[in-house]
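Asker: I have a structure I would like to understand better, so I am pasting it below and will then ask my questions one at a time.
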Amino acid sequence: MADLPDLPDLPDFHEALQALSSLLRCPITGQQLHIATPQELRALSTHSGDGFLVREDQTAAYPVVNGIPSLLPESLIALIL
């Protein structure tokens with residue numbers, strides 16, 4: 001079996017999601033999404049997900065499940081801070 005070339009170090013998951021979140025947009029409004037802050041996570045604590053992407057206006061969030069953002073309109077969670 002041939003030797004495989006060395007692979008470059010991959011950024012950790014949080015860094016990758018941070019970079020990806022700058023490209024993601026809300027499918028309803030087109031606003032930019034960001035990774036939920038600790039305050040936003042507290043407001044979302046009753047919802048399931050490994051994490052959340054929050055809309056720019058901080059009125060809605062989308063869950064991240066198994067590392068995959070669910071950006072379907074029916075996945076939207078109203079956010080009240």
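Chain lettering (A, B, ...) mirrors the order of the structure tokens, residue numbering begins at 1 for each chain separately, and ligand numbering begins at 1 in order of display.
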Contacts of Leu79 in chain A at 7 Å or less, counting only C-alpha atoms, minus same-chain residues fewer than 4 places along, as JSON, numbers by chain?
Answerer: {"A": [58, 59, 60, 61]}
Asker: If DSSP is run on the backbone, what residues of chain A are helix (DSSP H, G or I)? A reply as a list in words would be ideal.
Answerer: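 Restricting chain A to helix (DSSP H, G or I) produces Phe13, His14, Glu15, Ala16, Leu17, Gln18, Ala19, Leu20, Ser21, Pro38, Gln39, Glu40, Leu41, Arg42, Ala43, Pro73, Glu74 and Ser75 of chain A.
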Asker: Can I get the selection written as a PDB file, in the first residue's frame, with C-alpha atoms?
Answerer:
```pdb
ATOM      1  CA  PHE A  13     -14.418  22.679  14.536  1.00  0.00           C
ATOM      2  CA  HIS A  14     -15.258  26.010  16.209  1.00  0.00           C
ATOM      3  CA  GLU A  15     -12.818  27.904  13.987  1.00  0.00           C
ATOM      4  CA  ALA A  16     -14.224  26.211  10.894  1.00  0.00           C
ATOM      5  CA  LEU A  17     -17.793  27.040  11.903  1.00  0.00           C
ATOM      6  CA  GLN A  18     -16.777  30.633  12.668  1.00  0.00           C
ATOM      7  CA  ALA A  19     -15.306  31.001   9.183  1.00  0.00           C
ATOM      8  CA  LEU A  20     -18.333  29.347   7.610  1.00  0.00           C
ATOM      9  CA  SER A  21     -20.818  31.441   9.587  1.00  0.00           C
ATOM     10  CA  PRO A  38     -23.212  32.852  25.902  1.00  0.00           C
ATOM     11  CA  GLN A  39     -26.206  35.173  26.483  1.00  0.00           C
ATOM     12  CA  GLU A  40     -27.926  33.871  23.341  1.00  0.00           C
ATOM     13  CA  LEU A  41     -27.168  30.273  24.357  1.00  0.00           C
ATOM     14  CA  ARG A  42     -28.905  30.857  27.704  1.00  0.00           C
ATOM     15  CA  ALA A  43     -32.000  32.081  25.842  1.00  0.00           C
ATOM     16  CA  PRO A  73     -37.227  27.936   7.397  1.00  0.00           C
ATOM     17  CA  GLU A  74     -39.043  25.395   9.581  1.00  0.00           C
ATOM     18  CA  SER A  75     -35.926  25.093  11.786  1.00  0.00           C
TER      19      SER A  75
END
```
Asker: Quick one: contact table of range 43-77 of chain A to range 26-33 of chain A, 9 Å max, nearest atom pair and distance in Å to one decimal per residue, counting only C-alpha atoms, chain and number order, as JSON lines?
Answerer:
```
{"residue": "A:Leu53", "atom": "CA", "partner": "A:Leu33", "partner_atom": "CA", "distance": 5.7}
{"residue": "A:Val54", "atom": "CA", "partner": "A:Leu33", "partner_atom": "CA", "distance": 5.2}
{"residue": "A:Arg55", "atom": "CA", "partner": "A:Leu33", "partner_atom": "CA", "distance": 4.6}
{"residue": "A:Glu56", "atom": "CA", "partner": "A:Gln32", "partner_atom": "CA", "distance": 5.5}
{"residue": "A:Asp57", "atom": "CA", "partner": "A:Gln31", "partner_atom": "CA", "distance": 7.8}
{"residue": "A:Ala61", "atom": "CA", "partner": "A:Leu33", "partner_atom": "CA", "distance": 8.3}
{"residue": "A:Tyr62", "atom": "CA", "partner": "A:Cys26", "partner_atom": "CA", "distance": 8.6}
{"residue": "A:Leu71", "atom": "CA", "partner": "A:Pro27", "partner_atom": "CA", "distance": 6.7}
{"residue": "A:Leu72", "atom": "CA", "partner": "A:Pro27", "partner_atom": "CA", "distance": 7.2}
{"residue": "A:Pro73", "atom": "CA", "partner": "A:Pro27", "partner_atom": "CA", "distance": 6.7}
```
Asker: Save out the residues we just selected, C-alpha atoms, as a compact mmCIF listing (two decimals), in the first residue's frame.
Answerer:
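out30.txt, written as the output of this step:
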```txt
# COMPACT_ATOMS: atom_id res chain seq x y z
CA LEU A 53 -26.39 30.31 14.49
CA VAL A 54 -28.12 33.58 15.34
CA ARG A 55 -29.48 36.07 12.85
CA GLU A 56 -27.90 39.54 12.72
CA ASP A 57 -30.99 41.20 14.26
CA ALA A 61 -31.64 31.32 15.50
CA TYR A 62 -31.00 28.10 13.63
CA LEU A 71 -31.04 26.49 7.75
CA LEU A 72 -34.50 25.36 6.74
CA PRO A 73 -37.23 27.94 7.40
```
Asker: Within 7 Å of Phe52 in chain A, counting only C-alpha atoms, which residues qualify if same-chain residues fewer than 3 places away don't, as a list of chain:residue names?
Answerer: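 My reading of the contact set: A:Ile35, A:Ala36, A:Gly49, A:Ala61, A:Tyr62, A:Pro63, A:Val64.
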Asker: State, in Å with one decimal place, the distance from CA of Thr46 in chain A to CA of Leu23 in chain A.
Answerer: 26.9 Å
Asker: Looking at A:Ile68, A:His34, A:Ile77, A:Arg25, which one is nearest to His47 in chain A, with distances taken over only C-alpha atoms?
Answerer: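 The closest residue to His47 in chain A is A:Ile77.
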Asker: Taking the DSSP assignment computed from this structure's backbone, write out as JSON, numbers by chain all residues of chain A that belong to strand (DSSP E or B).
Answerer: {"A": [25, 32, 33, 34, 35, 51, 52, 53, 54, 55, 60, 61, 62, 63, 64, 65, 68, 69, 77, 78]}
